[in-house]
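Trainee: See run07.pdb below, with PDB, C-alpha atoms, pLDDT in the B column.
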```
ATOM      1  CA  MET A   1     -10.762 -14.526  56.288  1.00 45.00           C
ATOM      2  CA  ASN A   2      -9.513 -12.551  54.479  1.00 40.00           C
ATOM      3  CA  PRO A   3      -9.312 -11.720  50.060  1.00 39.00           C
ATOM      4  CA  LEU A   4     -10.076  -5.955  53.588  1.00 36.00           C
ATOM      5  CA  PRO A   5     -11.722  -5.694  50.207  1.00 35.00           C
ATOM      6  CA  HIS A   6      -9.927  -8.550  48.490  1.00 37.00           C
ATOM      7  CA  GLY A   7      -9.528  -7.035  45.097  1.00 34.00           C
ATOM      8  CA  PRO A   8     -11.156  -6.761  41.696  1.00 32.00           C
ATOM      9  CA  ALA A   9     -11.962 -10.476  41.642  1.00 33.00           C
ATOM     10  CA  GLU A  10     -14.450 -10.205  44.497  1.00 34.00           C
ATOM     11  CA  TRP A  11     -18.104  -9.451  44.510  1.00 33.00           C
ATOM     12  CA  PRO A  12     -20.709  -8.736  47.197  1.00 34.00           C
ATOM     13  CA  THR A  13     -22.375 -11.698  48.848  1.00 33.00           C
ATOM     14  CA  GLY A  14     -24.902 -11.949  46.022  1.00 35.00           C
ATOM     15  CA  GLY A  15     -22.258 -13.069  43.499  1.00 38.00           C
ATOM     16  CA  PRO A  16     -20.880 -11.814  40.201  1.00 38.00           C
ATOM     17  CA  ALA A  17     -22.824  -9.594  37.905  1.00 37.00           C
ATOM     18  CA  ASP A  18     -23.202  -9.903  34.163  1.00 39.00           C
ATOM     19  CA  GLY A  19     -19.946  -8.787  32.549  1.00 40.00           C
ATOM     20  CA  THR A  20     -19.409  -5.775  30.363  1.00 41.00           C
ATOM     21  CA  PRO A  21     -17.270  -5.441  27.273  1.00 41.00           C
ATOM     22  CA  GLY A  22     -13.748  -4.048  27.369  1.00 40.00           C
ATOM     23  CA  GLY A  23     -11.298  -3.905  30.258  1.00 40.00           C
ATOM     24  CA  PRO A  24      -9.139  -6.886  31.219  1.00 39.00           C
ATOM     25  CA  SER A  25     -11.354  -9.343  29.303  1.00 39.00           C
ATOM     26  CA  ALA A  26     -10.004  -8.011  26.017  1.00 41.00           C
ATOM     27  CA  GLU A  27      -6.566  -9.348  26.961  1.00 42.00           C
ATOM     28  CA  LEU A  28      -7.701 -12.933  27.615  1.00 42.00           C
ATOM     29  CA  PRO A  29      -7.212 -15.767  25.145  1.00 49.00           C
ATOM     30  CA  THR A  30     -10.276 -17.352  23.584  1.00 66.00           C
ATOM     31  CA  VAL A  31     -11.736 -19.851  26.025  1.00 80.00           C
ATOM     32  CA  ALA A  32     -15.010 -20.586  24.227  1.00 84.00           C
ATOM     33  CA  PRO A  33     -14.390 -24.277  23.347  1.00 85.00           C
ATOM     34  CA  ARG A  34     -13.124 -25.036  26.855  1.00 85.00           C
ATOM     35  CA  LEU A  35     -16.148 -23.388  28.480  1.00 88.00           C
ATOM     36  CA  ARG A  36     -18.557 -25.392  26.355  1.00 88.00           C
ATOM     37  CA  ASP A  37     -16.736 -28.698  26.950  1.00 87.00           C
ATOM     38  CA  LEU A  38     -16.537 -28.177  30.720  1.00 86.00           C
ATOM     39  CA  ARG A  39     -20.240 -27.323  30.970  1.00 89.00           C
ATOM     40  CA  ARG A  40     -21.215 -30.431  29.039  1.00 88.00           C
ATOM     41  CA  ARG A  41     -18.885 -32.633  31.074  1.00 86.00           C
ATOM     42  CA  SER A  42     -20.476 -31.187  34.226  1.00 84.00           C
ATOM     43  CA  GLY A  43     -23.887 -32.329  32.947  1.00 87.00           C
ATOM     44  CA  LEU A  44     -25.299 -28.800  33.041  1.00 88.00           C
ATOM     45  CA  THR A  45     -27.664 -27.261  30.540  1.00 91.00           C
ATOM     46  CA  LEU A  46     -26.913 -23.774  29.298  1.00 91.00           C
ATOM     47  CA  GLU A  47     -29.740 -22.438  31.454  1.00 92.00           C
ATOM     48  CA  ALA A  48     -28.604 -24.270  34.613  1.00 90.00           C
ATOM     49  CA  ALA A  49     -24.969 -23.182  34.259  1.00 90.00           C
ATOM     50  CA  ALA A  50     -25.956 -19.575  33.531  1.00 90.00           C
ATOM     51  CA  HIS A  51     -28.143 -19.501  36.646  1.00 89.00           C
ATOM     52  CA  ARG A  52     -25.308 -20.768  38.864  1.00 87.00           C
ATOM     53  CA  VAL A  53     -22.862 -18.198  37.520  1.00 86.00           C
ATOM     54  CA  GLY A  54     -25.300 -15.299  37.636  1.00 86.00           C
ATOM     55  CA  LEU A  55     -25.484 -14.729  33.872  1.00 89.00           C
ATOM     56  CA  SER A  56     -28.272 -14.883  31.344  1.00 91.00           C
ATOM     57  CA  PRO A  57     -28.318 -17.994  29.106  1.00 92.00           C
ATOM     58  CA  ALA A  58     -27.860 -15.731  26.093  1.00 93.00           C
ATOM     59  CA  HIS A  59     -24.742 -14.175  27.584  1.00 92.00           C
ATOM     60  CA  LEU A  60     -23.227 -17.564  28.454  1.00 91.00           C
ATOM     61  CA  SER A  61     -24.002 -18.758  24.942  1.00 91.00           C
ATOM     62  CA  ARG A  62     -22.073 -15.800  23.526  1.00 90.00           C
ATOM     63  CA  LEU A  63     -19.100 -16.725  25.748  1.00 89.00           C
ATOM     64  CA  GLU A  64     -19.202 -20.338  24.560  1.00 90.00           C
ATOM     65  CA  THR A  65     -19.295 -19.358  20.898  1.00 89.00           C
ATOM     66  CA  GLY A  66     -16.503 -16.799  21.204  1.00 86.00           C
ATOM     67  CA  ARG A  67     -18.691 -13.817  20.396  1.00 87.00           C
ATOM     68  CA  ARG A  68     -17.794 -12.310  23.746  1.00 86.00           C
ATOM     69  CA  GLN A  69     -14.823 -12.706  26.110  1.00 81.00           C
ATOM     70  CA  PRO A  70     -15.411 -13.270  29.851  1.00 80.00           C
ATOM     71  CA  SER A  71     -14.134 -10.806  32.412  1.00 77.00           C
ATOM     72  CA  LEU A  72     -11.739 -12.098  35.078  1.00 73.00           C
ATOM     73  CA  PRO A  73     -14.419 -12.152  37.823  1.00 76.00           C
ATOM     74  CA  MET A  74     -16.642 -14.082  35.409  1.00 82.00           C
ATOM     75  CA  LEU A  75     -13.856 -16.600  34.788  1.00 81.00           C
ATOM     76  CA  LEU A  76     -13.560 -17.128  38.546  1.00 79.00           C
ATOM     77  CA  ALA A  77     -17.299 -17.854  38.777  1.00 82.00           C
ATOM     78  CA  LEU A  78     -17.220 -20.216  35.782  1.00 87.00           C
ATOM     79  CA  ALA A  79     -14.195 -22.097  37.091  1.00 82.00           C
ATOM     80  CA  ARG A  80     -15.847 -22.498  40.494  1.00 82.00           C
ATOM     81  CA  THR A  81     -19.052 -23.777  38.870  1.00 85.00           C
ATOM     82  CA  TYR A  82     -17.189 -26.359  36.783  1.00 85.00           C
ATOM     83  CA  GLY A  83     -14.850 -27.425  39.589  1.00 79.00           C
ATOM     84  CA  THR A  84     -11.622 -26.264  37.977  1.00 78.00           C
ATOM     85  CA  THR A  85      -9.204 -23.315  38.016  1.00 75.00           C
ATOM     86  CA  VAL A  86      -8.904 -20.228  35.879  1.00 74.00           C
ATOM     87  CA  SER A  87      -5.493 -21.462  34.730  1.00 71.00           C
ATOM     88  CA  ASP A  88      -7.156 -24.614  33.444  1.00 74.00           C
ATOM     89  CA  LEU A  89      -9.845 -22.592  31.672  1.00 76.00           C
ATOM     90  CA  LEU A  90      -7.118 -20.610  29.938  1.00 74.00           C
ATOM     91  CA  GLY A  91      -5.262 -23.764  28.939  1.00 69.00           C
ATOM     92  CA  GLU A  92      -2.160 -22.965  30.972  1.00 63.00           C
ATOM     93  CA  VAL A  93       0.154 -25.914  31.690  1.00 58.00           C
ATOM     94  CA  PRO A  94       1.709 -25.637  35.165  1.00 56.00           C
ATOM     95  CA  ALA A  95       5.443 -26.136  35.500  1.00 56.00           C
ATOM     96  CA  GLU A  96       6.659 -29.076  37.572  1.00 60.00           C
ATOM     97  CA  ARG A  97       6.870 -28.083  41.236  1.00 66.00           C
ATOM     98  CA  ASP A  98       8.858 -29.413  44.161  1.00 72.00           C
ATOM     99  CA  PRO A  99       6.297 -31.059  46.491  1.00 78.00           C
ATOM    100  CA  VAL A 100       8.437 -30.490  49.601  1.00 82.00           C
ATOM    101  CA  VAL A 101       8.839 -27.146  51.385  1.00 78.00           C
ATOM    102  CA  ARG A 102      11.829 -27.244  53.756  1.00 82.00           C
ATOM    103  CA  ALA A 103      11.725 -25.499  57.123  1.00 81.00           C
ATOM    104  CA  ASP A 104      14.671 -23.282  56.239  1.00 81.00           C
ATOM    105  CA  ARG A 105      12.723 -21.940  53.254  1.00 77.00           C
ATOM    106  CA  MET A 106       9.716 -20.906  55.334  1.00 80.00           C
ATOM    107  CA  ALA A 107      10.838 -17.343  55.925  1.00 82.00           C
ATOM    108  CA  ALA A 108       8.600 -15.275  58.187  1.00 85.00           C
ATOM    109  CA  GLN A 109       6.810 -12.425  56.464  1.00 83.00           C
ATOM    110  CA  GLU A 110       4.454  -9.800  57.803  1.00 81.00           C
ATOM    111  CA  ALA A 111       1.397  -8.224  56.216  1.00 75.00           C
ATOM    112  CA  GLY A 112      -1.399  -6.255  57.830  1.00 71.00           C
ATOM    113  CA  GLY A 113       0.010  -6.945  61.303  1.00 79.00           C
ATOM    114  CA  TRP A 114      -0.054 -10.732  60.872  1.00 85.00           C
ATOM    115  CA  THR A 115       3.039 -12.937  60.544  1.00 88.00           C
ATOM    116  CA  TYR A 116       2.910 -15.936  58.240  1.00 85.00           C
ATOM    117  CA  TRP A 117       5.144 -18.688  56.892  1.00 87.00           C
ATOM    118  CA  GLN A 118       4.263 -20.237  53.544  1.00 82.00           C
ATOM    119  CA  ALA A 119       3.998 -23.999  54.065  1.00 83.00           C
ATOM    120  CA  GLY A 120       3.064 -25.017  50.535  1.00 79.00           C
ATOM    121  CA  GLY A 121       3.970 -24.318  46.928  1.00 70.00           C
ATOM    122  CA  SER A 122       2.954 -21.028  45.321  1.00 64.00           C
ATOM    123  CA  GLY A 123       0.761 -20.779  42.243  1.00 62.00           C
ATOM    124  CA  ARG A 124      -1.514 -23.650  43.249  1.00 68.00           C
ATOM    125  CA  ALA A 125      -5.275 -23.707  43.728  1.00 69.00           C
ATOM    126  CA  MET A 126      -4.713 -24.626  47.390  1.00 78.00           C
ATOM    127  CA  GLN A 127      -2.325 -22.711  49.643  1.00 80.00           C
ATOM    128  CA  ALA A 128      -1.038 -23.719  53.082  1.00 86.00           C
ATOM    129  CA  LEU A 129       0.312 -21.306  55.688  1.00 87.00           C
ATOM    130  CA  ARG A 130       1.424 -21.166  59.287  1.00 91.00           C
ATOM    131  CA  LEU A 131       0.022 -17.971  60.722  1.00 91.00           C
ATOM    132  CA  HIS A 132       0.396 -15.844  63.847  1.00 93.00           C
ATOM    133  CA  VAL A 133      -2.361 -13.354  64.622  1.00 91.00           C
ATOM    134  CA  PRO A 134      -1.471 -10.849  67.381  1.00 91.00           C
ATOM    135  CA  GLU A 135      -3.923 -10.056  70.151  1.00 87.00           C
ATOM    136  CA  ARG A 136      -4.792  -6.734  68.600  1.00 76.00           C
ATOM    137  CA  SER A 137      -4.304  -5.985  64.917  1.00 59.00           C
ATOM    138  CA  ALA A 138      -5.943  -2.706  63.976  1.00 53.00           C
ATOM    139  CA  ALA A 139      -5.256  -3.332  60.289  1.00 50.00           C
ATOM    140  CA  GLN A 140      -7.139  -6.650  60.288  1.00 54.00           C
ATOM    141  CA  GLU A 141      -9.480  -7.108  63.226  1.00 56.00           C
ATOM    142  CA  ASP A 142     -12.507  -5.298  61.818  1.00 65.00           C
ATOM    143  CA  LEU A 143     -12.158  -6.595  58.268  1.00 73.00           C
ATOM    144  CA  VAL A 144     -14.913  -8.835  56.951  1.00 80.00           C
ATOM    145  CA  ARG A 145     -13.817 -10.902  53.972  1.00 81.00           C
ATOM    146  CA  VAL A 146     -15.885 -12.520  51.217  1.00 80.00           C
ATOM    147  CA  HIS A 147     -14.279 -14.335  48.295  1.00 75.00           C
ATOM    148  CA  PRO A 148     -14.558 -17.549  46.262  1.00 74.00           C
ATOM    149  CA  GLY A 149     -13.013 -20.704  47.695  1.00 80.00           C
ATOM    150  CA  GLU A 150     -12.835 -22.691  50.928  1.00 87.00           C
ATOM    151  CA  GLU A 151     -10.786 -22.235  54.092  1.00 91.00           C
ATOM    152  CA  TRP A 152      -9.586 -24.656  56.745  1.00 94.00           C
ATOM    153  CA  LEU A 153      -7.751 -23.694  59.892  1.00 96.00           C
ATOM    154  CA  TYR A 154      -6.352 -25.488  62.928  1.00 97.00           C
ATOM    155  CA  VAL A 155      -5.472 -23.714  66.164  1.00 98.00           C
ATOM    156  CA  LEU A 156      -1.938 -24.576  67.287  1.00 97.00           C
ATOM    157  CA  GLY A 157      -1.866 -22.354  70.359  1.00 97.00           C
ATOM    158  CA  GLY A 158      -3.844 -19.561  71.971  1.00 97.00           C
ATOM    159  CA  ARG A 159      -7.524 -18.793  71.432  1.00 97.00           C
ATOM    160  CA  LEU A 160      -9.209 -17.675  68.224  1.00 96.00           C
ATOM    161  CA  ARG A 161     -12.393 -15.696  67.653  1.00 95.00           C
ATOM    162  CA  LEU A 162     -13.868 -16.753  64.298  1.00 95.00           C
ATOM    163  CA  THR A 163     -16.884 -14.856  62.974  1.00 94.00           C
ATOM    164  CA  LEU A 164     -18.887 -16.583  60.217  1.00 95.00           C
ATOM    165  CA  GLY A 165     -21.828 -14.514  59.078  1.00 93.00           C
ATOM    166  CA  GLU A 166     -23.656 -13.506  62.256  1.00 93.00           C
ATOM    167  CA  THR A 167     -22.199 -16.309  64.390  1.00 96.00           C
ATOM    168  CA  VAL A 168     -19.077 -15.950  66.551  1.00 96.00           C
ATOM    169  CA  HIS A 169     -17.095 -19.100  67.388  1.00 97.00           C
ATOM    170  CA  ALA A 170     -14.438 -19.416  70.111  1.00 97.00           C
ATOM    171  CA  LEU A 171     -11.692 -21.909  69.205  1.00 98.00           C
ATOM    172  CA  SER A 172      -8.883 -23.201  71.420  1.00 97.00           C
ATOM    173  CA  ALA A 173      -5.742 -25.217  70.719  1.00 97.00           C
ATOM    174  CA  GLY A 174      -6.671 -28.408  68.881  1.00 97.00           C
ATOM    175  CA  ASP A 175      -9.910 -26.986  67.439  1.00 98.00           C
ATOM    176  CA  ALA A 176     -10.391 -26.676  63.682  1.00 98.00           C
ATOM    177  CA  ALA A 177     -12.833 -24.992  61.294  1.00 97.00           C
ATOM    178  CA  HIS A 178     -13.678 -25.569  57.618  1.00 96.00           C
ATOM    179  CA  PHE A 179     -15.961 -23.133  55.783  1.00 94.00           C
ATOM    180  CA  ASP A 180     -16.938 -21.672  52.431  1.00 90.00           C
ATOM    181  CA  SER A 181     -15.124 -18.373  51.846  1.00 84.00           C
ATOM    182  CA  LEU A 182     -18.257 -16.821  50.332  1.00 85.00           C
ATOM    183  CA  THR A 183     -19.571 -16.730  53.905  1.00 90.00           C
ATOM    184  CA  PRO A 184     -18.573 -13.310  55.305  1.00 91.00           C
ATOM    185  CA  HIS A 185     -15.800 -14.099  57.766  1.00 91.00           C
ATOM    186  CA  ARG A 186     -13.377 -12.488  60.188  1.00 90.00           C
ATOM    187  CA  ILE A 187     -10.670 -13.900  62.453  1.00 90.00           C
ATOM    188  CA  ALA A 188      -9.074 -12.342  65.515  1.00 91.00           C
ATOM    189  CA  ALA A 189      -6.961 -13.463  68.440  1.00 93.00           C
ATOM    190  CA  ALA A 190      -8.832 -13.828  71.712  1.00 94.00           C
ATOM    191  CA  SER A 191      -5.876 -14.473  74.028  1.00 94.00           C
ATOM    192  CA  PRO A 192      -2.853 -12.516  75.287  1.00 92.00           C
ATOM    193  CA  GLY A 193       0.108 -13.212  73.044  1.00 92.00           C
ATOM    194  CA  GLY A 194      -2.118 -13.835  70.032  1.00 94.00           C
ATOM    195  CA  VAL A 195      -3.024 -17.115  68.337  1.00 95.00           C
ATOM    196  CA  ASP A 196      -1.053 -19.500  66.103  1.00 96.00           C
ATOM    197  CA  LEU A 197      -2.770 -21.340  63.266  1.00 96.00           C
ATOM    198  CA  LEU A 198      -2.283 -23.782  60.461  1.00 94.00           C
ATOM    199  CA  PHE A 199      -4.258 -22.351  57.583  1.00 91.00           C
ATOM    200  CA  VAL A 200      -5.226 -23.802  54.203  1.00 89.00           C
ATOM    201  CA  HIS A 201      -7.308 -22.027  51.605  1.00 84.00           C
ATOM    202  CA  THR A 202      -8.326 -22.505  48.011  1.00 80.00           C
ATOM    203  CA  LEU A 203      -8.284 -19.605  45.615  1.00 60.00           C
ATOM    204  CA  LEU A 204      -8.977 -20.037  41.936  1.00 47.00           C
ATOM    205  CA  GLN A 205      -5.870 -18.910  40.114  1.00 41.00           C
ATOM    206  CA  SER A 206      -6.046 -15.607  38.261  1.00 36.00           C
ATOM    207  CA  GLY A 207      -3.944 -12.507  37.890  1.00 35.00           C
ATOM    208  CA  ALA A 208      -6.914 -10.544  39.233  1.00 31.00           C
ATOM    209  CA  ALA A 209      -7.363 -12.637  42.363  1.00 34.00           C
ATOM    210  CA  GLU A 210      -6.124 -11.162  45.637  1.00 41.00           C
ATOM    211  CA  LEU A 211      -5.571 -13.238  48.748  1.00 44.00           C
ATOM    212  CA  CYS A 212      -7.070 -12.456  52.082  1.00 50.00           C
ATOM    213  CA  LEU A 213      -4.523  -9.843  53.085  1.00 45.00           C
ATOM    214  CA  GLY A 214      -5.366  -7.840  49.976  1.00 43.00           C
ATOM    215  CA  ASP A 215      -3.244  -4.857  48.977  1.00 40.00           C
ATOM    216  CA  ALA A 216      -1.158  -4.952  52.163  1.00 39.00           C
ATOM    217  CA  ALA A 217       0.061  -8.424  51.245  1.00 40.00           C
ATOM    218  CA  HIS A 218       0.860  -7.385  47.694  1.00 38.00           C
ATOM    219  CA  ARG A 219       4.025  -5.702  48.933  1.00 38.00           C
ATOM    220  CA  GLY A 220       5.961  -8.878  49.570  1.00 40.00           C
ATOM    221  CA  ARG A 221       4.125 -12.136  49.949  1.00 40.00           C
ATOM    222  CA  PRO A 222       3.301 -15.071  47.718  1.00 39.00           C
ATOM    223  CA  GLY A 223       0.032 -15.734  49.534  1.00 40.00           C
ATOM    224  CA  ALA A 224      -1.787 -15.105  52.786  1.00 40.00           C
ATOM    225  CA  PRO A 225      -5.193 -15.579  54.474  1.00 46.00           C
TER
END
```
What's the structure tokens form of this structure?
Mentor:
Amino acid sequence: MNPLPHGPAEWPTGGPADGTPGGPSAELPTVAPRLRDLRRRSGLTLEAAAHRVGLSPAHLSRLETGRRQPSLPMLLALARTYGTTVSDLLGEVPAERDPVVRADRMAAQEAGGWTYWQAGGSGRAMQALRLHVPERSAAQEDLVRVHPGEEWLYVLGGRLRLTLGETVHALSAGDAAHFDSLTPHRIAAASPGGVDLLFVHTLLQSGAAELCLGDAAHRGRPGAP
């Protein structure tokens, strides 16, 4: 749906490019041993893992031996390949979180013309939202989003127009969709009064990762599609 351009953690449909020295990567802790262990546990050869991530085997080898630090987009690609999160790659230990989100804590927030209520904990690899998309949202309607992760949505009320690649789907109340977020996608209301959704998405955790509402959401939300 969403990460407008989503932010510095996104790439075109073809995937991430080979990283370059300097920039944010210089600030990251050494992740070499973790990268090597995760690749081996995934049963991937150096060549197979490098191909999936879009790197050369030599470059991945340098990352695994600590001779080069990965950029943040590269970390996102590696985490996705190994089925983990960037936080896990960096060895971060999450604080204990309350598993219950009470209704009185689901304050409505607006970003890019959409209204959303966070229905899950922040800082997780999976985020849940209740979302209202108005019939016409000039800030969002023409935006095509492409970003790592998966998205699932369920139409609570109204009609939704969901564009996945070149295909347009019409969804009504009770319909659901589940898709890979690397598929170019766009959502829009197709009924007067807009459409209400339950929305769940995965986004590998990183300080560089933007959610689907991009910069507009940065001004006051913990997460949005």
Trainee: Name the residues that the PyMOL selection byres ((chain A and resi 79) around 10) picks from the file above, as a PyMOL selection string, using the file's chain letters and numbers.
Mentor: chain A and resi 35+38+53+73-78+80-89+204-205
Trainee: Convert the current residue selection to file output with C-alpha atoms, as a PDB file, in the frame of the given file.
Mentor:
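Saved to selection09.pdb:
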```pdb
ATOM      1  CA  LEU A  35     -16.148 -23.388  28.480  1.00 88.00           C
ATOM      2  CA  LEU A  38     -16.537 -28.177  30.720  1.00 86.00           C
ATOM      3  CA  VAL A  53     -22.862 -18.198  37.520  1.00 86.00           C
ATOM      4  CA  PRO A  73     -14.419 -12.152  37.823  1.00 76.00           C
ATOM      5  CA  MET A  74     -16.642 -14.082  35.409  1.00 82.00           C
ATOM      6  CA  LEU A  75     -13.856 -16.600  34.788  1.00 81.00           C
ATOM      7  CA  LEU A  76     -13.560 -17.128  38.546  1.00 79.00           C
ATOM      8  CA  ALA A  77     -17.299 -17.854  38.777  1.00 82.00           C
ATOM      9  CA  LEU A  78     -17.220 -20.216  35.782  1.00 87.00           C
ATOM     10  CA  ARG A  80     -15.847 -22.498  40.494  1.00 82.00           C
ATOM     11  CA  THR A  81     -19.052 -23.777  38.870  1.00 85.00           C
ATOM     12  CA  TYR A  82     -17.189 -26.359  36.783  1.00 85.00           C
ATOM     13  CA  GLY A  83     -14.850 -27.425  39.589  1.00 79.00           C
ATOM     14  CA  THR A  84     -11.622 -26.264  37.977  1.00 78.00           C
ATOM     15  CA  THR A  85      -9.204 -23.315  38.016  1.00 75.00           C
ATOM     16  CA  VAL A  86      -8.904 -20.228  35.879  1.00 74.00           C
ATOM     17  CA  SER A  87      -5.493 -21.462  34.730  1.00 71.00           C
ATOM     18  CA  ASP A  88      -7.156 -24.614  33.444  1.00 74.00           C
ATOM     19  CA  LEU A  89      -9.845 -22.592  31.672  1.00 76.00           C
ATOM     20  CA  LEU A 204      -8.977 -20.037  41.936  1.00 47.00           C
ATOM     21  CA  GLN A 205      -5.870 -18.910  40.114  1.00 41.00           C
TER      22      GLN A 205
END
```
Trainee: As an exercise, work out the distance from atom CA of A:Pro134 to atom CA of A:Trp152 in Å and give it to one decimal place.
Mentor: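 So the two atoms, atom CA of A:Pro134 and atom CA of A:Trp152, lie 19.2 Å apart.
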Trainee: Could you tell me, as a ChimeraX atom specification, exactly which residues end up selected when the PyMOL selection byres ((chain A and resi 151) around 7) is applied to this structure?
Mentor: /A:149-150,152-153,178-181,200-202
Trainee: Quick one: what's the axis-aligned box for stretch 80-86 of chain A, all listed atoms, 4 Å on every side, centre and edges in Å to one decimal, as JSON?
Mentor:
```
{"center_x": -14.0, "center_y": -23.8, "center_z": 38.2, "size_x": 18.1, "size_y": 15.2, "size_z": 12.6}
```
Trainee: Please expand the PyMOL selection byres ((chain A and resi 100) around 12) into the concrete residues it hits in this file, giving the result as a list in words.
Mentor: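 That expression, the PyMOL selection byres ((chain A and resi 100) around 12), corresponds here to Arg97, Asp98, Pro99, Val101, Arg102, Ala103, Asp104, Arg105, Met106, Gln118, Ala119, Gly120, Gly121 and Ser122 of chain A.
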Trainee: Write the residues of the selection above to a file with C-alpha atoms, as a PDB file, keeping the file's coordinate frame.
Mentor:
```
ATOM      1  CA  ARG A  97       6.870 -28.083  41.236  1.00 66.00           C
ATOM      2  CA  ASP A  98       8.858 -29.413  44.161  1.00 72.00           C
ATOM      3  CA  PRO A  99       6.297 -31.059  46.491  1.00 78.00           C
ATOM      4  CA  VAL A 101       8.839 -27.146  51.385  1.00 78.00           C
ATOM      5  CA  ARG A 102      11.829 -27.244  53.756  1.00 82.00           C
ATOM      6  CA  ALA A 103      11.725 -25.499  57.123  1.00 81.00           C
ATOM      7  CA  ASP A 104      14.671 -23.282  56.239  1.00 81.00           C
ATOM      8  CA  ARG A 105      12.723 -21.940  53.254  1.00 77.00           C
ATOM      9  CA  MET A 106       9.716 -20.906  55.334  1.00 80.00           C
ATOM     10  CA  GLN A 118       4.263 -20.237  53.544  1.00 82.00           C
ATOM     11  CA  ALA A 119       3.998 -23.999  54.065  1.00 83.00           C
ATOM     12  CA  GLY A 120       3.064 -25.017  50.535  1.00 79.00           C
ATOM     13  CA  GLY A 121       3.970 -24.318  46.928  1.00 70.00           C
ATOM     14  CA  SER A 122       2.954 -21.028  45.321  1.00 64.00           C
TER      15      SER A 122
END
```
Trainee: Which residue is closest to A:Val146? Choose from A:Leu164, A:Ala188, A:Ala177, A:Ala170 and count all atoms listed in the file.
Mentor: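 Going through A:Leu164, A:Ala188, A:Ala177, A:Ala170 one by one, the smallest distance to A:Val146 is for A:Leu164.
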Trainee: Between atom CA of A:Pro148 and atom CA of A:Phe199, what is the distance in Å, rounded to a tenth?
Mentor: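 Atom CA of A:Pro148 sits 16.0 Å away from atom CA of A:Phe199.
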Trainee: Neighbouring residues of A:Leu197 were defined as those with any atom within 7 Å, considering only C-alpha atoms; residues of the same chain fewer than 6 positions away were excluded. Please report them as a ChimeraX atom specification.
Mentor: /A:130-132,153-156
Trainee: Between A:Arg34, A:Arg41, A:Arg159, A:His51, single out the one closest to A:Leu171, counting all atoms listed in the file.
Mentor: A:Arg159
Trainee: Which residue, A:Arg39, A:Arg186, A:Arg52, A:Arg161, has the smallest gap to A:Glu64 when you use all atoms listed in the file?
Mentor: A:Arg39
Trainee: Hey, which of A:Ser42, A:Ser191, A:Gln109, A:Gln69 ends up closest to A:Leu90? Count all atoms listed in the file.
Mentor: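 Answer, going by the shortest atom-to-atom distance: A:Gln69.
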Trainee: Please measure the separation of atom CA of A:Ser172 and atom CA of A:Glu135, giving the value in Å to one decimal.
Mentor: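 If I compute the distance from atom CA of A:Ser172 to atom CA of A:Glu135, I get 14.1 Å.
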